[in-house]
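Reading through the structure tokens given below for one structure.
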Amino acid sequence: MNTYYHTLGLEPGASQEEIKRAYFKKVRQHSPEADPEQFQKIREAYEQLKKQQKKQDLPVFPALTDPLAVQMMQQINTCRKEKNVTLYRDTCEEAWRRFPENIQFLYMLVMAQRKCRNTGKAVKNAELLVSKDPQNKWFLKELAISYMERGFKNKSLAAFEKAYELGCSETEFLLMYAGICEDNFQYQKGVELLLEVLRKETRWNRDDIHQLTEAYSGIFCMLYNDSRQFLPEILEHLRQHIEQYSIYLKEFIPALLSASARNCTDAERDSKECLLLFDLFSYAQKIYHSDTEKKNIETIIDSYYYQRVDESSLIGDTMKRYLEIFHVLAGTDASYQKFAMTDTELCMIEEREEILAQAEIIRLESPPDYERIAPFMQKLERTDKLQILKDSLLKEYRRLEPVFPGGYYYDAYPQEKKAALGTLINEGYEDEPYIRKNKKIGRNDPCPCGSGKKYKHCCMNK
């Protein structure tokens with residue numbers, strides 16, 4: 001195919017340095033004095049490819065010479081600019097029908113048909129496009145996107161892979177390629193592609209910053225065991241990007257912090273990723289000034305610490321239920337919170353030694369949570385007041401338990417339930433209600449002792 005690349009003797013997808021070297025070599029062979037016509041073609045090819053290397057979104061085609069073709073291309077560009085997709089597609093179809101030797105019309109037709117959601121036709125024409133130049137990365141890119149929009153996941157993945165091998169690596173392409181990797185469960189490859197986006201020495205502007213946030217969102221979704229080794233590098237990039245582009249990223253930072261925290265809950269406290277996460281927390285707290293924004297960041301930090309403890313195998317169920325009261329039940333009915341807390345604290349008294357050991361782990365792993373449980377831990381440490389504490393909690397628990405069934409204390413310690421209910425009137429009946437054998441004596445009835453007085457004036461008072 002006679003493209004600007006071929007004019008300079010290059011393969012499609014050549015680097016800027018290769019283009020420059022080829023240009024100077026060709027100029028020495030065809031100087032403006034000796035061969036002005038060829039020199040002009042070389043110069044045009046060099047300028048167009050230089051421009052293309054900056055844009056990185058379209059292939060370079062030879063200049064159109066037919067006046068009607070030029071006119072139709074102008075109309076196509078106008079329709080694209082005005083977003084008249086129907087006329088854009090129809091003009092591309094007519095141009096390709098009239099000028100089948102100008103493959104750029106077929107290339108634009110594929111994109112126009114996708115714009116109009118004619119995905120089946122787009123796939124058919126994209127396959128035709130690639131058949132005319134199988135090594136053209138731009139054509140393969142359009143085939144990959146057409147397959148993707150048509151829902152052909154496997155074909156799309158293969159086309160993306162081929163285009164990538166041929167040098168397609170602009171940000172938009174990498175994001176789409178990573179997305180199709182995620183759809184095909186190739187998470188390791190997807191993470192590596194998005195890391196390329198993060199590693200680019202790009203000056204991000206406000207209009208393109210969404211691509212950066214999309215890369216981070218995708219990478220945090222696909223981080224699994226096979227790609228966990230990349231987490232410190234990802235957090236390092238995130239810290240640099242937040243410091244450099246905080247003005248653009250401000251609305252996205254809470255979501256990015258939450259995603260980072262979720263991926264660090266099982267990391268060692270002194271690991272590199274945890275230290276980087278703490279740096280992110282610290283920096284985020286500095287850039288927000290309103291009370292609402294500060295509260296939002298504090299909530300994220302608090303949730304991170306709670307999640308670490310909640311997923312720890314060193315913390316027992318009773319302690320986890322206690323922390324759940326502060327995090328999950330906050331804002332629910334106050335009486336129910338009181339019941340849940342009393343129920344759990346009674347269980348903690350029975351498990352005193354284990355609970356105090358777990359509290360020490362929480363003190364190291366989650367300082368905010370330790371501040372919440374510290375008052376009761378101090379009471380639990382005082383063995384001389386332990387019975388008084390238990391009696392006080394039992395009194396409250398017996399009042400609330402009939403209203404809020406489903407507590408853990410009576411189930412775990414049935415003897416306490418038996419003691420609370422008593423055994424006098426129910427002796428031998430377990431939990432069945434007491435049934436009176438004789439009619440109850442009324443207060444104004446004759447006293448059964450035979451005194452002749454009313455019951456209320458005789459034996460009732462005794």
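Residues in the structure tokens are named by chain (A, B, ... in the order shown) and by number from 1 within that chain; ligands are numbered from 1 in the order shown.
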Exercise: A:Ala357 partners within 12 Å, only C-alpha atoms, chain neighbours under 5 positions left out, as a ChimeraX atom specification: /A:314-316,319,348,351-352,362-364,377,380-381
Long-range neighbours of A:Ala267 as a PyMOL selection string, 12 Å cut-off, only C-alpha atoms, 4 positions minimum in chain: chain A and resi 228-229+231-232+260-263+271-277+304-305+307-309+311-312+365
Keeping N, CA, C and O atoms, export the residues of the selection given above as an mmCIF file, in the first residue's frame.
data_model
loop_
_atom_site.group_PDB
_atom_site.id
_atom_site.type_symbol
_atom_site.label_atom_id
_atom_site.label_comp_id
_atom_site.auth_asym_id
_atom_site.auth_seq_id
_atom_site.Cartn_x
_atom_site.Cartn_y
_atom_site.Cartn_z
ATOM 1 N N ARG A 228 -0.499 -9.107 42.440
ATOM 2 C CA ARG A 228 -0.330 -8.337 43.670
ATOM 3 C C ARG A 228 1.051 -7.714 43.784
ATOM 4 O O ARG A 228 1.230 -6.740 44.503
ATOM 5 N N GLN A 229 2.037 -8.266 43.067
ATOM 6 C CA GLN A 229 3.386 -7.705 43.160
ATOM 7 C C GLN A 229 3.450 -6.285 42.596
ATOM 8 O O GLN A 229 4.391 -5.546 42.866
ATOM 9 N N LEU A 231 1.218 -3.932 43.258
ATOM 10 C CA LEU A 231 0.497 -2.991 44.110
ATOM 11 C C LEU A 231 1.363 -1.837 44.623
ATOM 12 O O LEU A 231 0.933 -0.674 44.555
ATOM 13 N N PRO A 232 2.581 -2.079 45.132
ATOM 14 C CA PRO A 232 3.395 -0.938 45.570
ATOM 15 C C PRO A 232 3.661 0.070 44.444
ATOM 16 O O PRO A 232 3.588 1.285 44.676
ATOM 17 N N SER A 260 -7.890 1.764 46.854
ATOM 18 C CA SER A 260 -6.540 1.450 47.340
ATOM 19 C C SER A 260 -6.606 0.730 48.684
ATOM 20 O O SER A 260 -5.913 -0.260 48.914
ATOM 21 N N ALA A 261 -7.455 1.244 49.573
ATOM 22 C CA ALA A 261 -7.572 0.663 50.912
ATOM 23 C C ALA A 261 -8.079 -0.772 50.858
ATOM 24 O O ALA A 261 -7.599 -1.636 51.595
ATOM 25 N N ARG A 262 -9.044 -1.032 49.960
ATOM 26 C CA ARG A 262 -9.586 -2.395 49.849
ATOM 27 C C ARG A 262 -8.510 -3.399 49.460
ATOM 28 O O ARG A 262 -8.556 -4.563 49.862
ATOM 29 N N ASN A 263 -7.534 -2.957 48.689
ATOM 30 C CA ASN A 263 -6.484 -3.859 48.231
ATOM 31 C C ASN A 263 -5.337 -3.975 49.230
ATOM 32 O O ASN A 263 -4.391 -4.723 48.982
ATOM 33 N N SER A 271 4.467 -3.077 55.726
ATOM 34 C CA SER A 271 4.823 -3.343 54.322
ATOM 35 C C SER A 271 4.855 -2.044 53.526
ATOM 36 O O SER A 271 4.304 -1.013 53.941
ATOM 37 N N LYS A 272 5.487 -2.101 52.362
ATOM 38 C CA LYS A 272 5.624 -0.912 51.524
ATOM 39 C C LYS A 272 4.274 -0.377 51.090
ATOM 40 O O LYS A 272 4.043 0.835 51.100
ATOM 41 N N GLU A 273 3.353 -1.296 50.729
ATOM 42 C CA GLU A 273 2.050 -0.829 50.268
ATOM 43 C C GLU A 273 1.272 -0.130 51.372
ATOM 44 O O GLU A 273 0.595 0.878 51.131
ATOM 45 N N CYS A 274 1.381 -0.636 52.614
ATOM 46 C CA CYS A 274 0.684 0.018 53.723
ATOM 47 C C CYS A 274 1.269 1.401 54.006
ATOM 48 O O CYS A 274 0.531 2.362 54.252
ATOM 49 N N LEU A 275 2.581 1.503 53.968
ATOM 50 C CA LEU A 275 3.217 2.798 54.203
ATOM 51 C C LEU A 275 2.829 3.806 53.130
ATOM 52 O O LEU A 275 2.593 4.982 53.415
ATOM 53 N N LEU A 276 2.758 3.344 51.874
ATOM 54 C CA LEU A 276 2.320 4.220 50.785
ATOM 55 C C LEU A 276 0.866 4.636 50.974
ATOM 56 O O LEU A 276 0.498 5.787 50.706
ATOM 57 N N LEU A 277 0.032 3.699 51.423
ATOM 58 C CA LEU A 277 -1.372 4.020 51.658
ATOM 59 C C LEU A 277 -1.512 5.067 52.753
ATOM 60 O O LEU A 277 -2.311 6.006 52.635
ATOM 61 N N TYR A 304 -11.098 1.516 56.482
ATOM 62 C CA TYR A 304 -9.917 0.700 56.173
ATOM 63 C C TYR A 304 -9.437 -0.048 57.410
ATOM 64 O O TYR A 304 -9.202 -1.266 57.380
ATOM 65 N N TYR A 305 -9.316 0.667 58.531
ATOM 66 C CA TYR A 305 -8.856 0.019 59.763
ATOM 67 C C TYR A 305 -9.846 -1.053 60.217
ATOM 68 O O TYR A 305 -9.455 -2.146 60.634
ATOM 69 N N GLN A 307 -11.912 -2.772 58.379
ATOM 70 C CA GLN A 307 -11.862 -3.913 57.462
ATOM 71 C C GLN A 307 -10.670 -4.819 57.776
ATOM 72 O O GLN A 307 -10.763 -6.042 57.695
ATOM 73 N N ARG A 308 -9.537 -4.205 58.128
ATOM 74 C CA ARG A 308 -8.347 -4.990 58.484
ATOM 75 C C ARG A 308 -8.646 -5.914 59.669
ATOM 76 O O ARG A 308 -8.292 -7.097 59.664
ATOM 77 N N VAL A 309 -9.295 -5.352 60.671
ATOM 78 C CA VAL A 309 -9.598 -6.137 61.867
ATOM 79 C C VAL A 309 -10.673 -7.179 61.561
ATOM 80 O O VAL A 309 -10.595 -8.329 62.006
ATOM 81 N N GLU A 311 -11.325 -8.742 58.881
ATOM 82 C CA GLU A 311 -10.842 -9.862 58.075
ATOM 83 C C GLU A 311 -9.720 -10.645 58.761
ATOM 84 O O GLU A 311 -9.225 -11.626 58.217
ATOM 85 N N SER A 312 -9.311 -10.206 59.945
ATOM 86 C CA SER A 312 -8.215 -10.868 60.642
ATOM 87 C C SER A 312 -8.676 -12.172 61.285
ATOM 88 O O SER A 312 -9.718 -12.225 61.957
ATOM 89 N N GLU A 365 -3.216 -2.681 65.319
ATOM 90 C CA GLU A 365 -3.697 -2.731 63.944
ATOM 91 C C GLU A 365 -4.690 -1.621 63.608
ATOM 92 O O GLU A 365 -4.753 -1.156 62.479
#
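Shortest separation to A:Leu195 among A:Ile180, A:Lys20, A:Ala159, A:Tyr216 occurs at residue A:Tyr216, atoms counted being only C-alpha atoms.
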Nearest to A:Cys221 by atom-to-atom distance, counting only C-alpha atoms, from A:Glu192, A:Asp35, A:Glu172, A:Glu182: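 Checking each of A:Glu192, A:Asp35, A:Glu172, A:Glu182 against A:Cys221, counting only C-alpha atoms, the winner is A:Glu182.
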One-decimal distance in Å that lies between atom CA of A:His327 and atom CA of A:Ala359: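 Computed distance, atom CA of A:Ala359 to atom CA of A:His327, equals 16.7 Å.
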Two-atom distance - atom CA of A:His237, atom CA of A:Thr292 (Å):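 Between these atoms lies a distance of 26.9 Å.
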Who sits within 6 Å of A:Pro446, only C-alpha atoms, same chain under 3 positions skipped, as a ChimeraX atom specification: /A:453-455
Residues within 12 Å of A:Gly179, only C-alpha atoms, excluding chain neighbours under 6 positions, as a short mmCIF file (atom, residue, chain, number, x, y, z; two decimals) with N, CA, C and O atoms, in the first residue's frame:
data_model
loop_
_atom_site.label_atom_id
_atom_site.label_comp_id
_atom_site.auth_asym_id
_atom_site.auth_seq_id
_atom_site.Cartn_x
_atom_site.Cartn_y
_atom_site.Cartn_z
N ILE A 145 -12.07 -3.10 17.77
CA ILE A 145 -13.16 -2.33 18.38
C ILE A 145 -14.50 -2.77 17.80
O ILE A 145 -15.51 -2.88 18.52
N MET A 148 -15.46 -5.93 19.38
CA MET A 148 -15.84 -5.68 20.76
C MET A 148 -17.27 -5.15 20.85
O MET A 148 -18.07 -5.62 21.67
N LYS A 153 -16.15 -11.47 21.94
CA LYS A 153 -15.07 -11.26 22.91
C LYS A 153 -13.76 -11.92 22.48
O LYS A 153 -12.70 -11.31 22.55
N SER A 156 -12.31 -10.28 19.36
CA SER A 156 -11.83 -8.94 19.74
C SER A 156 -10.49 -9.03 20.45
O SER A 156 -9.56 -8.26 20.17
N LEU A 157 -10.37 -9.97 21.39
CA LEU A 157 -9.12 -10.13 22.14
C LEU A 157 -7.96 -10.44 21.20
O LEU A 157 -6.87 -9.85 21.33
N PHE A 160 -7.08 -7.24 19.22
CA PHE A 160 -6.39 -6.27 20.08
C PHE A 160 -4.94 -6.70 20.29
O PHE A 160 -4.02 -5.87 20.26
N GLU A 172 -6.12 5.44 24.83
CA GLU A 172 -7.48 4.96 24.60
C GLU A 172 -7.48 3.48 24.19
O GLU A 172 -8.30 2.69 24.65
N PHE A 173 -6.53 3.11 23.34
CA PHE A 173 -6.42 1.71 22.91
C PHE A 173 -6.11 0.80 24.09
O PHE A 173 -6.71 -0.26 24.25
N PHE A 185 -11.31 -12.66 31.45
CA PHE A 185 -10.70 -13.16 32.69
C PHE A 185 -9.17 -13.22 32.62
O PHE A 185 -8.55 -13.98 33.35
N GLN A 186 -8.57 -12.40 31.75
CA GLN A 186 -7.11 -12.33 31.67
C GLN A 186 -6.64 -11.12 32.49
O GLN A 186 -6.19 -10.10 31.95
N TYR A 187 -6.80 -11.25 33.81
CA TYR A 187 -6.56 -10.11 34.69
C TYR A 187 -5.09 -9.69 34.72
O TYR A 187 -4.78 -8.49 34.80
N GLN A 188 -4.19 -10.64 34.70
CA GLN A 188 -2.76 -10.31 34.74
C GLN A 188 -2.39 -9.42 33.56
O GLN A 188 -1.73 -8.39 33.72
N LYS A 189 -2.83 -9.79 32.36
CA LYS A 189 -2.53 -9.00 31.17
C LYS A 189 -3.21 -7.64 31.25
O LYS A 189 -2.61 -6.62 30.89
N GLY A 190 -4.44 -7.61 31.76
CA GLY A 190 -5.14 -6.34 31.89
C GLY A 190 -4.42 -5.37 32.81
O GLY A 190 -4.29 -4.18 32.51
N VAL A 191 -3.92 -5.87 33.94
CA VAL A 191 -3.18 -5.03 34.88
C VAL A 191 -1.90 -4.50 34.23
O VAL A 191 -1.55 -3.32 34.37
N GLU A 192 -1.20 -5.35 33.50
CA GLU A 192 0.05 -4.92 32.84
C GLU A 192 -0.22 -3.83 31.81
O GLU A 192 0.57 -2.88 31.67
N LEU A 193 -1.32 -3.94 31.08
CA LEU A 193 -1.67 -2.91 30.07
C LEU A 193 -1.98 -1.58 30.75
O LEU A 193 -1.53 -0.52 30.29
N LEU A 194 -2.74 -1.62 31.84
CA LEU A 194 -3.08 -0.38 32.53
C LEU A 194 -1.87 0.23 33.22
O LEU A 194 -1.79 1.45 33.38
N GLU A 214 -9.91 6.16 34.90
CA GLU A 214 -10.41 4.88 34.36
C GLU A 214 -9.34 3.79 34.48
O GLU A 214 -9.65 2.64 34.79
N ALA A 215 -8.09 4.17 34.24
CA ALA A 215 -6.99 3.20 34.37
C ALA A 215 -6.87 2.70 35.80
O ALA A 215 -6.72 1.49 36.04
N SER A 217 -9.26 2.71 38.15
CA SER A 217 -10.45 1.92 38.49
C SER A 217 -10.32 0.50 37.96
O SER A 217 -10.60 -0.47 38.67
N GLY A 218 -9.88 0.38 36.70
CA GLY A 218 -9.73 -0.93 36.10
C GLY A 218 -8.66 -1.76 36.78
O GLY A 218 -8.84 -2.96 37.03
N ILE A 219 -7.57 -1.13 37.12
CA ILE A 219 -6.44 -1.87 37.70
C ILE A 219 -6.79 -2.37 39.11
O ILE A 219 -6.42 -3.48 39.49
N CYS A 221 -9.79 -3.14 40.11
CA CYS A 221 -10.78 -4.22 39.94
C CYS A 221 -10.12 -5.54 39.58
O CYS A 221 -10.62 -6.61 39.94
N MET A 222 -9.00 -5.47 38.84
CA MET A 222 -8.37 -6.69 38.33
C MET A 222 -7.21 -7.18 39.17
O MET A 222 -6.57 -8.17 38.83
#
A:Ala122 surroundings by only C-alpha atoms, 12 Å radius, close-in-sequence under 3 positions cut, as a ChimeraX atom specification: /A:89,93,106-119,125-129,142-150
DSSP helix (DSSP H, G or I) residues within stretch 47-266 of chain A, as a PyMOL selection string: chain A and resi 47-55+67-82+85-98+103-115+119-132+137-150+153-165+171-183+187-199+209-222+225-249+253-262
Two-atom distance - atom CA of A:Tyr306, atom CA of A:Leu323 (Å):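 Atom CA of A:Leu323 lies at a distance of 7.8 Å from atom CA of A:Tyr306.
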Set out as a Markdown table a contact list for stretch 42-152 of chain A and stretch 25-31 of chain A with a cut-off of 12 Å, giving each residue of stretch 42-152 of chain A that qualifies its closest atom pair and distance in Å to one decimal, counting only C-alpha atoms, ordered by chain and rising residue number.
| residue | atom | partner | partner_atom | distance |
| --- | --- | --- | --- | --- |
| A:Ile42 | CA | A:Lys26 | CA | 7.2 |
| A:Arg43 | CA | A:Val27 | CA | 8.3 |
| A:Glu44 | CA | A:Val27 | CA | 11.8 |
| A:Ala45 | CA | A:Lys26 | CA | 11.0 |
| A:Tyr46 | CA | A:Lys26 | CA | 10.3 |
Prev. selection, N, CA and C atoms, output as a PDB file, in the first residue's frame:
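Resulting contents of again_20.pdb:
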ATOM      1  N   ILE A  42       8.802  13.441  -0.270  1.00  0.00           N
ATOM      2  CA  ILE A  42       9.472  13.013   0.971  1.00  0.00           C
ATOM      3  C   ILE A  42       9.174  13.992   2.099  1.00  0.00           C
ATOM      4  N   ARG A  43       9.241  15.265   1.762  1.00  0.00           N
ATOM      5  CA  ARG A  43       8.977  16.307   2.758  1.00  0.00           C
ATOM      6  C   ARG A  43       7.544  16.211   3.286  1.00  0.00           C
ATOM      7  N   GLU A  44       6.591  16.019   2.377  1.00  0.00           N
ATOM      8  CA  GLU A  44       5.182  15.898   2.757  1.00  0.00           C
ATOM      9  C   GLU A  44       4.966  14.681   3.662  1.00  0.00           C
ATOM     10  N   ALA A  45       5.600  13.545   3.279  1.00  0.00           N
ATOM     11  CA  ALA A  45       5.467  12.329   4.087  1.00  0.00           C
ATOM     12  C   ALA A  45       6.015  12.547   5.499  1.00  0.00           C
ATOM     13  N   TYR A  46       7.163  13.211   5.569  1.00  0.00           N
ATOM     14  CA  TYR A  46       7.789  13.462   6.874  1.00  0.00           C
ATOM     15  C   TYR A  46       6.906  14.356   7.751  1.00  0.00           C
TER      16      TYR A  46
END
Among listed residues A:Phe152, A:Trp138, A:Phe220, A:Phe39, nearest A:Gly167 (using only C-alpha atoms):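 Among the listed residues, A:Trp138 lies closest to A:Gly167.
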Among the residues A:Gln244, A:Asn184, A:Gln387, A:Ser313, the one that comes closest to A:Arg203 [using only C-alpha atoms]: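 Closest to A:Arg203, using only C-alpha atoms: A:Gln244.
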Which of A:Leu356, A:Pro414, A:Phe105, A:Arg98 sits closest to A:Asn77 [using only C-alpha atoms]: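 Looking at the shortest contact to A:Asn77, the residue is A:Phe105.
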